[in-house]
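J.: If you scroll down you'll find the structure; I have some questions about it.
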Amino acid sequence: METTSNLLKQRREKAESLAEAGVKLFSNTFKNPTPIADILPRGEMLTAESRDESGTVFRAAGRVMSMRKFGKAAFFHLQDAESRIQVYARRDLLGEEQFDQFKKWDVGDIVGVEGTLFKTKTGELSLEAAALQMITKSLRPLPEKFHGLTDVETRYRQRYLDLIVNPETRDVFKKRVEIIRLIREFLSNRGFMEVETPMMQPVPGGATAKPFRTHHNALDMDLYLRIAPELYLKRLLVGGFEKVFEINRNFRNEGLSTRHNPEFTMLEFYQAYATYHDLMDLTEEMVSWLAHEVTGSMDIVYQGIPVNLAPPWRRLTMEEALVQIAGIDRAVLADDAAVMALAKGKGIELQPGAGPGKAKTELFELLVEEKLIDPTFITSYPTEVSPLARRNEEDPSVTDRFELFVTGREIANAFSELNDPIDQLQRFQKQIDERGEDDEIHPVLDRDYVRALEFGMPSAAGEGIGIDRLVMLLTDSPSIRDVILFPQMKPETGE
């Protein structure tokens, strides 16, 4: 097998030879090609070894994906953004000079074709080339045509190459675009207004996570890439907007895994005069509709596991889930000391100052989460782990909050919003006291947000949905890197 350096050398020699013959290797004169997807239907009525009697000349452009060269003729496949078609090139039709130049073309070159339609003996629709034009000479070979690009790290690092040779990768990202478009359509049709809030924020807020920090020279102040847009969106509720949403990029300076990327996409939406029960209904309707629109069914398969997304979805309190799924006795959950001891017995390390609410949440994550395959709303999260959520009026130890789990993964987090500025200030202060001098999380009191609440925020509910994880679910993708075009990677060590 030839080495990469030899192949690169051969490509450059061919390019030099073509340039010396007057061929423009990077031209910009082939305009307005017809999409191959629009050409293909014109040949549906043709039979094997027949021609399009209308003689219509089509112009197509794309990348050469395979090439079979013979003495006086050649076949190659041309691929554009949506489809591919076979092209037949003949010396007697193209002329000797152009055909000789064509013989120096390679798989990977981007070319233009003018020709008429016919079907071969095997019935394959083809363009018979009357003219060919080099648009972009490829100086690097594509992966070996029979095996494609299967190395995972190369696929993520060189996504452009992955998109060229793997149609299933292109399909995933087309579906991602469609999912986001449909979300916008769904929310806009229900009166939500799309807004934009700052990506650089003076105070990292809206979630507990380690932020990325930068410095603004002119203002001489530190700024943080947002870990969530939540506090700004709720400021808009104070300002009088009653239904808002943002599809936003968030940044968290934390680890990477199949579920986590330091830069990720979230949908957050807020609705005045609504509760978390209203958002459960809305989420159930939206996600099941999305599934049907994208996959054609509400019964999907994720990594070999059947998942039923048809409403209604199961709803359990966290305590009910711990009892029914983890098998923990209710008496243990009712005893603060007992639940703390149980958590420690399960190997859970609790930070100093953590209480029974944190212990229950950690037990839930350890013993329950991965077992929630069909969509399940988990409600009544402990107040201790929900600093921005409204306390439940009947049981102040828990909040009016839910998280949605599908295939053992959190997809959404929502709650009835806390709009009491005094309670909010106390909870912010408690968070800071518990963190202490934590340089990782940078606990800072957002005084302006408290001030905004003092002007009055209507009762409301808000929610965040992880777009990347939702796309993973609806495209049967095992890793978050499969649904992010350019995921973060360690630096390359070689070429």
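Starting from 1 in every chain, residues are counted up; chains themselves are A, B, ... following the order of the structure tokens, and ligands are numbered from 1 as listed.
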Fewer than 6 positions away in the same chain doesn't count, so skip those; otherwise give me all residues within 8 Å of region 2-19 of chain A, counting only C-alpha atoms, as a list of chain:residue names.
T.: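 Here the answer would be A:Leu25, A:Gln101, A:Lys104, A:Trp105, A:Lys137, A:Ser138, A:Leu139, A:Arg140, A:Pro141.
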J.: Can you write out as JSON lines which residues of region 174-278 of chain A fall within 9 Å of region 467-487 of chain A, alongside each residue's closest atom pair and its distance in Å to one decimal, counting only C-alpha atoms and ordering rows by chain and ascending residue number?
T.:
```
{"residue": "A:Lys175", "atom": "CA", "partner": "A:Thr475", "partner_atom": "CA", "distance": 7.5}
{"residue": "A:Arg176", "atom": "CA", "partner": "A:Val471", "partner_atom": "CA", "distance": 6.0}
{"residue": "A:Ile179", "atom": "CA", "partner": "A:Val471", "partner_atom": "CA", "distance": 7.4}
{"residue": "A:Ile180", "atom": "CA", "partner": "A:Ile467", "partner_atom": "CA", "distance": 7.9}
{"residue": "A:Ile247", "atom": "CA", "partner": "A:Ile467", "partner_atom": "CA", "distance": 8.5}
{"residue": "A:Ser257", "atom": "CA", "partner": "A:Ile480", "partner_atom": "CA", "distance": 7.9}
{"residue": "A:Thr258", "atom": "CA", "partner": "A:Ser479", "partner_atom": "CA", "distance": 4.4}
{"residue": "A:Arg259", "atom": "CA", "partner": "A:Ile480", "partner_atom": "CA", "distance": 5.3}
{"residue": "A:His260", "atom": "CA", "partner": "A:Ile480", "partner_atom": "CA", "distance": 6.6}
{"residue": "A:Asn261", "atom": "CA", "partner": "A:Pro487", "partner_atom": "CA", "distance": 7.0}
{"residue": "A:Pro262", "atom": "CA", "partner": "A:Pro487", "partner_atom": "CA", "distance": 8.7}
{"residue": "A:Glu263", "atom": "CA", "partner": "A:Pro487", "partner_atom": "CA", "distance": 8.1}
{"residue": "A:Phe264", "atom": "CA", "partner": "A:Asp468", "partner_atom": "CA", "distance": 6.9}
{"residue": "A:Thr265", "atom": "CA", "partner": "A:Ile467", "partner_atom": "CA", "distance": 5.5}
{"residue": "A:Met266", "atom": "CA", "partner": "A:Ile467", "partner_atom": "CA", "distance": 5.3}
{"residue": "A:Leu267", "atom": "CA", "partner": "A:Ile467", "partner_atom": "CA", "distance": 6.4}
```
J.: Keeping only C-alpha atoms, write those residues as a PDB file, in the first residue's frame.
T.:
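Output file selection14.pdb is given in full below:
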```pdb
ATOM      1  CA  LYS A 175     -31.829  16.055  11.023  1.00  0.00           C
ATOM      2  CA  ARG A 176     -30.242  18.271  13.657  1.00  0.00           C
ATOM      3  CA  ILE A 179     -35.091  19.449  14.752  1.00  0.00           C
ATOM      4  CA  ILE A 180     -34.037  22.995  15.653  1.00  0.00           C
ATOM      5  CA  ILE A 247     -31.663  28.429  21.473  1.00  0.00           C
ATOM      6  CA  SER A 257     -17.660  12.307  27.869  1.00  0.00           C
ATOM      7  CA  THR A 258     -20.196  10.688  25.557  1.00  0.00           C
ATOM      8  CA  ARG A 259     -22.773  13.028  27.162  1.00  0.00           C
ATOM      9  CA  HIS A 260     -20.734  16.185  27.786  1.00  0.00           C
ATOM     10  CA  ASN A 261     -18.938  18.714  25.608  1.00  0.00           C
ATOM     11  CA  PRO A 262     -17.598  22.001  27.049  1.00  0.00           C
ATOM     12  CA  GLU A 263     -19.595  23.905  24.413  1.00  0.00           C
ATOM     13  CA  PHE A 264     -23.166  22.715  23.934  1.00  0.00           C
ATOM     14  CA  THR A 265     -26.593  23.856  22.758  1.00  0.00           C
ATOM     15  CA  MET A 266     -29.612  24.400  24.965  1.00  0.00           C
ATOM     16  CA  LEU A 267     -33.187  25.450  24.429  1.00  0.00           C
TER      17      LEU A 267
END
```
J.: Which is closer to Pro229 (chain A) than all the others in A:Ile110, A:Glu463, A:Thr295, A:Glu384, using only C-alpha atoms?
T.: A:Glu463
J.: Which is closer to Ile183 (chain A) than all the others in A:Tyr270, A:Phe118, A:Trp289, A:Phe212, using only C-alpha atoms?
T.: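 That would be A:Trp289, the residue with the smallest distance to Ile183 (chain A).
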J.: Taking 4 positions as the minimum chain separation for residues in the same chain, which residues sit within 12 Å of Thr150 (chain A) when counting only C-alpha atoms? Answer as a list in words.
T.: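 Residues near the query, excluding close chain neighbours: Pro143, Glu144, Lys145, Phe146, Thr154, Arg155, Tyr156, Gln158, Arg159, Leu161, Asp162, Leu163, Val165, Asn166, Glu168 and Thr169 of chain A.
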J.: Calculate how many Å separate CA of Thr122 (chain A) from CA of Ala37 (chain A), rounding to one decimal.
T.: 20.5 Å
J.: Neighbours of Phe405 (chain A) within 9 Å (only C-alpha atoms; same-chain residues fewer than 2 positions away dropped), as a list in words?
T.: Glu369, Glu370, Leu372, Ile373, Asp374, Pro375, Thr376, Phe377, Ile378, Glu403, Thr407, Gly408, Arg409, Glu410, Ile411 and Ala412 of chain A
J.: Any chance you can output those residues with C-alpha atoms as a short mmCIF file (atom, residue, chain, number, x, y, z; two decimals), in the first residue's frame?
T.:
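Output contents, as saved in part.cif:
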```
data_model
loop_
_atom_site.label_atom_id
_atom_site.label_comp_id
_atom_site.auth_asym_id
_atom_site.auth_seq_id
_atom_site.Cartn_x
_atom_site.Cartn_y
_atom_site.Cartn_z
CA GLU A 369 -31.44 7.36 36.48
CA GLU A 370 -30.08 4.67 34.15
CA LEU A 372 -35.54 5.36 33.19
CA ILE A 373 -35.74 4.22 29.56
CA ASP A 374 -39.19 5.38 28.40
CA PRO A 375 -39.74 9.11 29.05
CA THR A 376 -40.29 9.79 32.73
CA PHE A 377 -40.84 13.08 34.56
CA ILE A 378 -39.21 13.12 38.00
CA GLU A 403 -36.42 16.65 35.19
CA THR A 407 -32.85 6.21 27.92
CA GLY A 408 -31.34 6.87 31.34
CA ARG A 409 -30.31 10.42 30.46
CA GLU A 410 -31.56 13.80 31.58
CA ILE A 411 -33.12 15.60 28.60
CA ALA A 412 -34.86 18.53 30.30
#
```
J.: Using only C-alpha atoms, find the one residue out of A:Gln86, A:Phe251, A:Thr120, A:Phe75 that sits nearest to Phe102 (chain A).
T.: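 Of all the options, A:Phe75 lies closest to Phe102 (chain A).
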